file entry_27.cif (mmCIF, C-alpha atoms)
data_start
#
loop_
_atom_site.label_atom_id
_atom_site.label_comp_id
_atom_site.auth_asym_id
_atom_site.auth_seq_id
_atom_site.Cartn_x
_atom_site.Cartn_y
_atom_site.Cartn_z
CA MET B 1 -3.91 -18.86 -7.03
CA CYS B 2 -5.31 -15.36 -7.30
CA GLU B 3 -7.25 -14.06 -10.29
CA PHE B 4 -4.15 -12.93 -12.19
CA CYS B 5 -2.39 -16.25 -11.69
CA ALA B 6 -5.38 -18.27 -12.77
CA LYS B 7 -5.35 -16.33 -16.05
CA HIS B 8 -1.61 -16.54 -16.56
CA LYS B 9 -0.40 -20.10 -16.00
CA ARG B 10 -0.37 -21.90 -12.69
CA LYS B 11 2.37 -19.84 -11.13
CA LYS B 12 2.57 -16.71 -9.01
CA TRP B 13 2.07 -13.93 -11.58
CA PHE B 14 4.99 -11.82 -10.33
CA LEU B 15 7.43 -14.73 -10.59
CA ASP B 16 6.69 -15.28 -14.27
CA GLU B 17 9.51 -13.92 -16.43
CA ASP B 18 7.19 -13.25 -19.34
CA ASN B 19 5.40 -10.55 -17.34
CA TYR B 20 8.53 -8.38 -17.22
CA LYS B 21 9.02 -8.15 -21.00
CA GLU B 22 9.19 -4.76 -22.69
CA GLU B 23 6.70 -5.83 -25.37
CA LEU B 24 3.97 -5.52 -22.78
CA LEU B 25 4.47 -1.76 -22.87
CA LYS B 26 2.74 -1.63 -26.25
CA ASN B 27 -0.64 -2.16 -24.59
CA LYS B 28 -2.65 1.07 -24.93
CA GLY B 29 -4.35 0.93 -21.54
CA ARG B 30 -1.06 0.24 -19.83
CA LYS B 31 0.57 3.16 -21.60
CA SER B 32 -2.07 5.62 -20.44
CA ILE B 33 -1.85 4.43 -16.82
CA LEU B 34 1.95 4.63 -16.83
CA LYS B 35 1.67 8.15 -18.19
CA LYS B 36 -0.45 9.14 -15.20
CA ILE B 37 1.73 7.44 -12.59
CA ALA B 38 5.21 8.20 -13.90
CA GLY B 39 5.33 11.93 -13.79
CA PRO B 40 4.15 15.08 -12.08
CA THR B 41 0.48 14.04 -12.34
CA LEU B 42 0.88 11.31 -9.71
CA ASP B 43 -0.58 13.48 -6.94
CA HIS B 44 -3.65 14.13 -9.05
CA TYR B 45 -3.98 10.46 -9.91
CA MET B 46 -3.94 9.59 -6.22
CA ARG B 47 -6.49 12.33 -5.47
CA ASP B 48 -8.82 10.98 -8.15
CA SER B 49 -8.67 7.43 -6.81
CA LEU B 50 -9.26 8.70 -3.27
CA ASP B 51 -12.35 10.51 -4.56
CA LEU B 52 -13.54 7.25 -6.10
CA PHE B 53 -13.25 5.57 -2.70
CA GLU B 54 -15.20 8.52 -1.30
CA LEU B 55 -18.00 7.62 -3.74
CA ALA B 56 -17.91 4.04 -2.47
CA ARG B 57 -18.73 5.34 1.01
CA ASN B 58 -22.18 6.40 -0.12
CA PRO B 59 -24.49 3.56 1.00
CA LEU B 60 -26.56 3.75 -2.20
CA LEU B 61 -23.63 3.79 -4.60
CA LYS B 62 -21.43 1.41 -2.62
CA PRO B 63 -22.41 -1.90 -4.27
CA VAL B 64 -22.09 -0.43 -7.77
CA VAL B 65 -18.77 1.35 -7.23
CA ARG B 66 -17.35 -1.61 -5.37
CA GLY B 67 -18.30 -4.04 -8.14
CA MET B 68 -16.91 -1.76 -10.83
CA MET B 69 -13.64 -1.18 -9.00
CA ASN B 70 -13.08 -4.86 -8.39
CA LYS B 71 -13.97 -5.69 -11.99
CA PHE B 72 -11.63 -3.15 -13.58
CA ALA B 73 -8.85 -3.48 -11.02
CA ALA B 74 -6.78 -5.71 -13.27
CA SER B 75 -6.63 -3.06 -15.98
CA ASN B 76 -5.64 -0.35 -13.53
CA HIS B 77 -2.91 0.41 -10.99
CA SER B 78 -2.89 -1.46 -7.68
CA GLY B 79 -0.83 -3.87 -5.61
CA GLN B 80 -0.52 -7.10 -3.69
CA ALA B 81 1.28 -7.96 -0.45
CA VAL B 82 4.31 -10.24 -0.82
CA THR B 83 6.70 -11.95 1.58
CA LEU B 84 10.39 -11.03 1.77
CA GLU B 85 11.44 -14.10 -0.24
CA ASP B 86 9.05 -13.24 -3.06
CA ALA B 87 10.08 -9.59 -2.92
CA ILE B 88 13.73 -10.55 -3.37
CA ALA B 89 12.81 -12.88 -6.23
CA ILE B 90 10.90 -10.06 -7.96
CA VAL B 91 13.79 -7.63 -7.58
CA LYS B 92 16.17 -10.23 -9.04
CA LEU B 93 13.88 -10.85 -12.01
CA ALA B 94 13.50 -7.15 -12.83
CA ASP B 95 16.09 -4.70 -14.11
CA ASN B 96 16.71 -0.90 -14.12
CA HIS B 97 16.21 -0.50 -10.38
CA VAL B 98 15.64 3.04 -9.22
CA LEU B 99 14.62 4.62 -5.92
CA PHE B 100 12.06 7.39 -5.61
CA GLN B 101 10.68 9.09 -2.58
CA CYS B 102 7.45 7.57 -1.35
CA ASN B 103 4.55 9.70 -2.56
CA CYS B 104 2.11 8.41 0.06
CA ARG B 105 4.50 9.61 2.75
CA LYS B 106 4.73 12.98 1.06
CA LEU B 107 0.95 13.40 0.93
CA CYS B 108 0.70 12.40 4.60
CA GLY B 109 3.08 15.20 5.57
CA LEU B 110 5.77 12.82 6.84
CA LYS B 111 9.52 13.11 6.29
CA GLU B 112 10.84 12.28 2.85
CA LYS B 113 12.15 8.77 2.49
CA MET B 114 13.54 7.04 -0.57
CA CYS B 115 11.65 3.81 -0.09
CA CYS B 116 9.73 3.46 -3.36
CA LEU B 117 11.73 0.87 -5.29
CA ASN B 118 10.78 1.05 -8.96
CA PHE B 119 12.03 -1.07 -11.82
CA GLY B 120 11.41 -1.93 -15.46
CA PRO B 121 10.17 0.98 -17.59
CA MET B 122 9.76 3.44 -14.72
CA ARG B 123 13.31 4.84 -14.77
CA ASP B 124 13.20 6.01 -18.37
CA LEU B 125 9.58 7.14 -18.18
CA VAL B 126 10.17 9.38 -15.17
CA LYS B 127 13.36 10.77 -16.71
CA GLN B 128 11.32 11.80 -19.73
CA THR B 129 8.27 13.24 -18.02
CA ASN B 130 9.68 14.66 -14.81
CA PRO B 131 13.44 15.30 -14.94
CA THR B 132 13.43 17.28 -11.68
CA GLU B 133 12.23 14.26 -9.69
CA LYS B 134 14.73 12.97 -7.12
CA MET B 135 16.00 9.51 -8.04
CA GLU B 136 18.78 7.12 -7.10
CA GLU B 137 19.85 4.40 -9.48
CA ILE B 138 20.90 1.23 -7.71
CA ASN B 139 21.93 -2.29 -8.72
CA THR B 140 20.25 -5.58 -7.83
CA SER B 141 22.37 -6.49 -4.80
CA GLU B 142 21.88 -3.03 -3.28
CA ALA B 143 18.14 -3.37 -3.82
CA VAL B 144 18.10 -6.76 -2.07
CA ASP B 145 20.03 -5.35 0.91
CA LEU B 146 17.62 -2.42 1.13
CA LEU B 147 14.64 -4.79 1.11
CA LYS B 148 16.16 -6.73 4.00
CA ASP B 149 16.74 -3.51 5.96
CA TRP B 150 13.16 -2.39 5.41
CA ASN B 151 11.92 -5.80 6.48
CA LYS B 152 13.81 -5.40 9.76
CA GLU B 153 12.18 -2.00 10.19
CA GLY B 154 8.80 -3.69 9.85
CA LEU B 155 7.60 -2.40 6.51
CA VAL B 156 5.18 -4.45 4.42
CA HIS B 157 6.38 -5.25 0.90
CA GLU B 158 3.83 -4.69 -1.81
CA VAL B 159 4.31 -5.37 -5.49
CA LEU B 160 2.57 -2.77 -7.65
CA TYR B 161 1.36 -3.38 -11.18
CA ALA B 162 0.24 -1.18 -14.03
CA ALA B 163 -2.51 -3.08 -15.84
CA ALA B 164 -1.90 -6.57 -14.45
CA PRO B 165 0.17 -8.62 -14.86
CA PHE B 166 3.01 -6.13 -15.26
CA PRO B 167 5.02 -5.43 -12.07
CA ILE B 168 6.52 -1.94 -11.99
CA ALA B 169 7.38 -1.21 -8.37
CA MET B 170 7.98 -2.58 -4.92
CA CYS B 171 6.40 -0.45 -2.22
CA ASN B 172 7.53 -0.67 1.36
CA CYS B 173 4.58 0.48 3.36
CA ASP B 174 3.49 1.28 6.83
CA ARG B 175 -0.15 1.41 7.73
CA LYS B 176 0.14 4.98 8.93
CA TYR B 177 0.75 6.44 5.50
CA CYS B 178 0.15 3.80 2.82
CA MET B 179 -2.80 4.93 0.72
CA PRO B 180 -3.84 1.55 -0.80
CA MET B 181 -3.63 -0.15 2.58
CA LYS B 182 -5.77 2.48 4.29
CA SER B 183 -8.30 2.43 1.46
CA ARG B 184 -8.67 -1.32 1.78
CA LEU B 185 -8.99 -1.22 5.56
CA SER B 186 -11.44 1.67 5.64
CA THR B 187 -13.74 0.85 2.70
CA GLY B 188 -13.18 -2.89 2.36
CA ILE B 189 -12.70 -2.74 -1.40
CA GLU B 190 -10.42 -5.68 -2.14
CA SER B 191 -8.82 -4.49 -5.36
CA SER B 192 -7.10 -1.50 -3.76
CA PHE B 193 -4.65 -3.75 -1.91
CA LEU B 194 -4.81 -7.49 -2.53
CA LYS B 195 -3.86 -10.01 0.11
CA GLY B 196 -0.76 -12.08 -0.58
CA HIS B 197 -0.51 -15.64 -1.85
CA GLU B 198 0.45 -16.92 1.56
CA ILE B 199 -0.96 -16.86 5.04
CA ALA B 200 0.85 -17.12 8.38
CA TYR B 201 0.51 -20.27 10.43
CA VAL B 202 1.59 -20.55 14.07
CA ASP B 203 2.57 -23.99 15.31
CA PRO B 204 0.99 -24.09 18.78
CA LEU B 205 3.42 -26.76 19.95
CA LYS B 206 6.44 -24.59 19.17
CA CYS B 207 5.09 -21.18 20.30
CA LYS B 208 6.65 -20.78 23.74
CA CYS B 209 8.42 -17.43 24.17
CA GLU B 210 5.37 -15.61 25.64
CA LYS B 211 6.79 -12.27 24.48
CA PHE B 212 4.59 -11.70 21.42
CA TYR B 213 7.17 -10.07 19.18
CA CYS B 214 5.05 -11.15 16.25
CA MET B 215 2.05 -9.24 17.55
CA THR B 216 3.97 -5.96 17.70
CA ARG B 217 5.10 -6.43 14.09
CA CYS B 218 1.68 -7.16 12.59
CA GLN B 219 0.19 -4.04 11.03
CA PHE B 220 -3.22 -5.56 10.42
CA GLY B 221 -4.04 -6.76 13.94
CA ALA B 222 -4.17 -10.34 12.68
CA ILE B 223 -2.40 -11.87 15.71
CA TYR B 224 -4.05 -12.15 19.09
CA ALA B 225 -3.16 -13.93 22.33
CA ASP B 226 -4.67 -17.18 23.47
CA ARG B 227 -5.15 -16.28 27.15
CA PHE B 228 -5.31 -19.83 28.41
CA ASP B 229 -2.05 -21.14 27.00
CA ILE B 230 -0.31 -17.77 26.35
CA LYS B 231 0.27 -18.41 22.69
CA ALA B 232 -0.01 -16.34 19.57
CA VAL B 233 -2.97 -17.11 17.31
CA ILE B 234 -3.53 -15.98 13.71
CA ASP B 235 -6.86 -14.51 12.69
CA VAL B 236 -7.09 -15.91 9.16
CA THR B 237 -9.69 -13.36 8.06
CA LYS B 238 -7.31 -10.47 8.79
CA CYS B 239 -3.92 -11.88 7.78
CA PHE B 240 -2.52 -10.28 4.60
CA GLY B 241 0.35 -12.72 4.26
CA CYS B 242 3.23 -10.23 4.40
CA GLY B 243 5.42 -12.56 6.46
CA LEU B 244 6.71 -9.89 8.85
CA CYS B 245 5.81 -11.95 11.92
CA LYS B 246 7.85 -14.90 10.69
CA GLU B 247 11.14 -12.98 10.69
CA VAL B 248 11.08 -12.13 14.41
CA CYS B 249 9.77 -15.39 15.90
CA PRO B 250 12.47 -16.67 18.30
CA CYS B 251 10.97 -20.19 18.39
CA ASN B 252 10.57 -20.55 14.60
CA ALA B 253 6.94 -21.36 15.22
CA ILE B 254 5.57 -19.28 12.34
CA LYS B 255 5.68 -20.41 8.74
CA MET B 256 3.87 -19.30 5.60
CA GLU B 257 1.24 -21.53 4.08
CA ASP B 258 -0.61 -21.38 0.80
CA ARG B 259 -3.71 -19.19 1.25
CA GLU B 260 -5.89 -21.66 -0.66
CA THR B 261 -5.25 -24.48 1.80
CA VAL B 262 -6.90 -22.63 4.70
CA MET B 263 -10.68 -22.73 4.86
CA GLY B 264 -11.21 -19.23 6.35
CA SER B 265 -9.06 -17.43 3.78
CA ARG B 266 -9.81 -19.46 0.66
CA HIS B 267 -10.60 -17.35 -2.42
CA LYS B 268 -10.54 -14.22 -0.24
CA TRP B 269 -7.99 -11.87 -1.73
CA MET E 1 -16.52 9.79 14.11
CA VAL E 2 -16.92 12.02 11.09
CA VAL E 3 -13.91 14.30 10.86
CA LYS E 4 -14.51 17.60 9.13
CA ILE E 5 -12.10 20.38 8.30
CA ASN E 6 -13.21 23.96 7.80
CA LEU E 7 -11.16 24.74 4.69
CA LYS E 8 -11.65 28.49 5.08
CA LYS E 9 -9.82 28.49 8.40
CA CYS E 10 -7.27 25.73 7.62
CA LEU E 11 -3.71 27.02 7.06
CA GLY E 12 -2.70 24.08 4.83
CA ALA E 13 0.13 21.59 4.98
CA LYS E 14 2.94 23.97 4.04
CA LYS E 15 2.31 26.45 6.85
CA CYS E 16 1.02 24.06 9.51
CA GLY E 17 0.29 20.39 8.71
CA LYS E 18 0.25 19.42 12.39
CA CYS E 19 -2.83 17.20 12.13
CA LEU E 20 -1.21 15.22 9.32
CA LYS E 21 1.77 14.38 11.50
CA ILE E 22 -0.02 13.79 14.79
CA CYS E 23 -2.83 11.48 13.59
CA PRO E 24 -1.83 7.94 14.68
CA VAL E 25 -4.02 6.20 12.08
CA GLY E 26 -3.45 8.57 9.17
CA VAL E 27 -6.96 9.85 8.54
CA PHE E 28 -5.75 12.93 6.69
CA MET E 29 -4.22 13.24 3.24
CA ASN E 30 -2.78 16.33 1.62
CA VAL E 31 -4.16 16.38 -1.93
CA PRO E 32 -3.90 18.82 -4.86
CA ILE E 33 -6.84 21.02 -5.82
CA GLY E 34 -8.22 21.03 -9.37
CA ALA E 35 -6.81 19.51 -12.53
CA TYR E 36 -3.12 19.35 -13.42
CA THR E 37 -2.08 22.62 -15.03
CA GLY E 38 1.41 21.72 -16.17
CA ASP E 39 3.27 23.58 -13.43
CA VAL E 40 4.15 21.58 -10.32
CA TRP E 41 5.07 24.63 -8.25
CA LYS E 42 1.76 26.41 -8.77
CA THR E 43 -0.44 23.49 -7.72
CA LYS E 44 -2.32 24.23 -4.52
CA TYR E 45 -2.94 21.60 -1.87
CA LYS E 46 -5.60 21.05 0.76
CA ILE E 47 -5.92 18.67 3.70
CA VAL E 48 -8.83 16.25 3.43
CA PRO E 49 -9.89 13.67 6.05
CA TYR E 50 -10.41 10.76 3.65
CA PHE E 51 -10.20 7.73 5.94
CA LYS E 52 -12.94 8.59 8.43
CA GLU E 53 -13.67 4.95 9.27
CA LEU E 54 -10.20 4.51 10.73
CA CYS E 55 -10.61 7.38 13.25
CA ASN E 56 -10.36 6.14 16.82
CA ASN E 57 -11.58 9.36 18.41
CA CYS E 58 -8.30 10.27 20.11
CA LYS E 59 -8.94 14.00 19.44
CA ALA E 60 -5.23 14.70 19.00
CA CYS E 61 -5.89 16.65 15.81
CA GLN E 62 -8.32 19.00 17.58
CA LYS E 63 -5.87 19.67 20.39
CA VAL E 64 -3.00 20.40 18.04
CA CYS E 65 -4.89 22.56 15.51
CA PRO E 66 -3.93 26.25 15.91
CA THR E 67 -7.11 27.58 14.25
CA ASN E 68 -9.69 25.15 15.70
CA CYS E 69 -10.92 24.18 12.25
CA ILE E 70 -11.38 20.42 12.88
CA SER E 71 -14.73 19.12 14.10
CA LEU E 72 -15.45 15.58 15.26
CA LYS E 73 -19.09 14.55 15.21
CA LEU E 74 -21.11 11.39 15.00
CA PRO E 75 -23.01 11.17 11.71
#

call {"tool": "encode", "arguments": {"input": "entry_27.cif", "output": "structure tokens"}}
result
Amino acid sequence: MCEFCAKHKRKKWFLDEDNYKEELLKNKGRKSILKKIAGPTLDHYMRDSLDLFELARNPLLKPVVRGMMNKFAASNHSGQAVTLEDAIAIVKLADNHVLFQCNCRKLCGLKEKMCCLNFGPMRDLVKQTNPTEKMEEINTSEAVDLLKDWNKEGLVHEVLYAAAPFPIAMCNCDRKYCMPMKSRLSTGIESSFLKGHEIAYVDPLKCKCEKFYCMTRCQFGAIYADRFDIKAVIDVTKCFGCGLCKEVCPCNAIKMEDRETVMGSRHKW
Amino acid sequence: MVVKINLKKCLGAKKCGKCLKICPVGVFMNVPIGAYTGDVWKTKYKIVPYFKELCNNCKACQKVCPTNCISLKLP
């Protein structure tokens, strides 16, 4: 169980119905963060957080900034990787689904794509603060279908929160443009993009196809080849638990395990 | 590699933005300059190489840059 789950019952925090309630919007800190994210100031918010990561690159300041960011992550805006099953469960729990164009993609100069699936308070907030923003309102079944399509494309699902535990969006990210993912991989600050609750496990007795479809899907380089037996092996220190490899395995050799049951990835979020 | 952009020479993402698209690891980000003024259309943007650690020294950005404003150096 990650930090948020330990605080809020023994259950995955994003599967708890209580965390989707509108009463949670009354929180002052949450309000101010939502104000920054939902609206035209999002670009500036992202710039500011990127500058903070820039501070963390300074060898003298690194331990301080890193500690502070990890400590205050829960009261800020960040995300966690989830598997397709969890992503679908989240979308079914939430309401007011709405699609926006991915802002990370925009800032990376890539083509516009409506792949930022928001829910909960975001629809009304964005309508108020930024009426010119492109948006598509969709229903739950459409959202689930879209998630499945994106999973086939090979995008990592990431549940975003505004002052945890309060899920507001489901990002569908690729390493090339996703800002939280790149921040985590380049600076190593955990709170920018938390690892998921699960970790991939390859059954060596079942892994036989020798084609390594799973390896081409992994965005984190967490799968390597065992050169003696020609089998896929998971590097537990790198696996983020997104479950993309599981979907393409022709031998059904990959399944998701609880992160806490594996020695190398225990308590490492 | 430390990627640096000479902002005086850089044309920006609207006119050019080739380095943003060509970089295979996504080192560059196009970010707004200054504080939010209240007008989205007037906000100016600049290209900043934020994720220097991810750079794999492929030099594609240098080859594609029309004004030669990108420098790759070891720290």

call {"tool": "closest_residue", "arguments": {"input": "entry_27.cif", "among": "E:Pro66, E:Pro49, E:Gly34, E:Gly26", "to": "chain B", "atoms": "all atoms listed in the file"}}
result
E:Gly26

call {"tool": "closest_atom_pairs", "arguments": {"input": "entry_27.cif", "of": "chain B", "to": "chain E", "cutoff": "10 Å", "atoms": "only C-alpha atoms", "output": "CSV"}}
result
residue,atom,partner,partner_atom,distance
B:Pro40,CA,E:Val40,CA,6.7
B:Thr41,CA,E:Tyr36,CA,6.5
B:Leu42,CA,E:Tyr36,CA,9.7
B:Asp43,CA,E:Pro32,CA,6.6
B:His44,CA,E:Pro32,CA,6.3
B:Tyr45,CA,E:Tyr36,CA,9.6
B:Met46,CA,E:Val31,CA,8.0
B:Arg47,CA,E:Val31,CA,5.9
B:Asp48,CA,E:Val31,CA,9.5
B:Leu50,CA,E:Tyr50,CA,7.3
B:Asp51,CA,E:Tyr50,CA,8.4
B:Phe53,CA,E:Tyr50,CA,8.7
B:Glu54,CA,E:Tyr50,CA,7.2
B:Arg57,CA,E:Glu53,CA,9.7
B:Cys104,CA,E:Met29,CA,8.6
B:Arg105,CA,E:Met29,CA,9.5
B:Lys106,CA,E:Asn30,CA,8.2
B:Leu107,CA,E:Asn30,CA,4.8
B:Cys108,CA,E:Met29,CA,5.2
B:Gly109,CA,E:Leu20,CA,5.7
B:Leu110,CA,E:Lys21,CA,6.3
B:Lys111,CA,E:Lys21,CA,9.4
B:Asn130,CA,E:Val40,CA,9.9
B:Arg175,CA,E:Val25,CA,7.5
B:Lys176,CA,E:Gly26,CA,5.1
B:Tyr177,CA,E:Gly26,CA,6.0
B:Cys178,CA,E:Gly26,CA,8.7
B:Met179,CA,E:Met29,CA,8.8
B:Lys182,CA,E:Phe51,CA,7.1
B:Ser183,CA,E:Phe51,CA,7.2
B:Leu185,CA,E:Leu54,CA,7.8
B:Ser186,CA,E:Glu53,CA,5.4
B:Thr187,CA,E:Glu53,CA,7.7

call {"tool": "resolve_selection", "arguments": {"input": "entry_27.cif", "expression": "the PyMOL selection byres ((chain E and resi 6) around 9)", "output": "MDAnalysis selection string"}}
result
chainID E and resid 4:5 7:10 68:71

call {"tool": "write_last_selection", "arguments": {"input": "entry_27.cif", "atoms": "C-alpha atoms", "output": "PDB file, keeping the file's coordinate frame"}}
result
ATOM      1  CA  LYS E   4     -14.510  17.600   9.130  1.00  0.00           C
ATOM      2  CA  ILE E   5     -12.100  20.380   8.300  1.00  0.00           C
ATOM      3  CA  LEU E   7     -11.160  24.740   4.690  1.00  0.00           C
ATOM      4  CA  LYS E   8     -11.650  28.490   5.080  1.00  0.00           C
ATOM      5  CA  LYS E   9      -9.820  28.490   8.400  1.00  0.00           C
ATOM      6  CA  CYS E  10      -7.270  25.730   7.620  1.00  0.00           C
ATOM      7  CA  ASN E  68      -9.690  25.150  15.700  1.00  0.00           C
ATOM      8  CA  CYS E  69     -10.920  24.180  12.250  1.00  0.00           C
ATOM      9  CA  ILE E  70     -11.380  20.420  12.880  1.00  0.00           C
ATOM     10  CA  SER E  71     -14.730  19.120  14.100  1.00  0.00           C
TER      11      SER E  71
END

call {"tool": "atom_distance", "arguments": {"input": "entry_27.cif", "atom1": "CA of Phe240 in chain B", "atom2": "CA of Lys12 in chain B"}}
result
15.9 Å

call {"tool": "atom_distance", "arguments": {"input": "entry_27.cif", "atom1": "CA of Leu34 in chain B", "atom2": "CA of Asp124 in chain B"}}
result
11.4 Å

call {"tool": "closest_residue", "arguments": {"input": "entry_27.cif", "among": "B:Gly196, B:Ile88, B:Pro180, B:Leu244", "to": "Glu153 in chain B", "atoms": "all atoms listed in the file"}}
result
B:Leu244

call {"tool": "resolve_selection", "arguments": {"input": "entry_27.cif", "expression": "the PyMOL selection byres ((chain B and resi 101) around 6)", "output": "list in words"}}
result
Phe100, Cys102, Lys113, Met114, Cys115 and Cys116 of chain B

call {"tool": "resolve_selection", "arguments": {"input": "entry_27.cif", "expression": "the PyMOL selection byres ((chain B and resi 25) around 12)", "output": "PyMOL selection string"}}
result
chain B and resi 19-24+26-35+120-122+125+162-168

call {"tool": "atom_distance", "arguments": {"input": "entry_27.cif", "atom1": "CA of Ala143 in chain B", "atom2": "CA of Pro250 in chain B"}}
result
26.4 Å

call {"tool": "closest_residue", "arguments": {"input": "entry_27.cif", "among": "B:Tyr161, B:Phe220, B:Trp150, B:Trp269", "to": "Leu194 in chain B", "atoms": "all atoms listed in the file"}}
result
B:Trp269
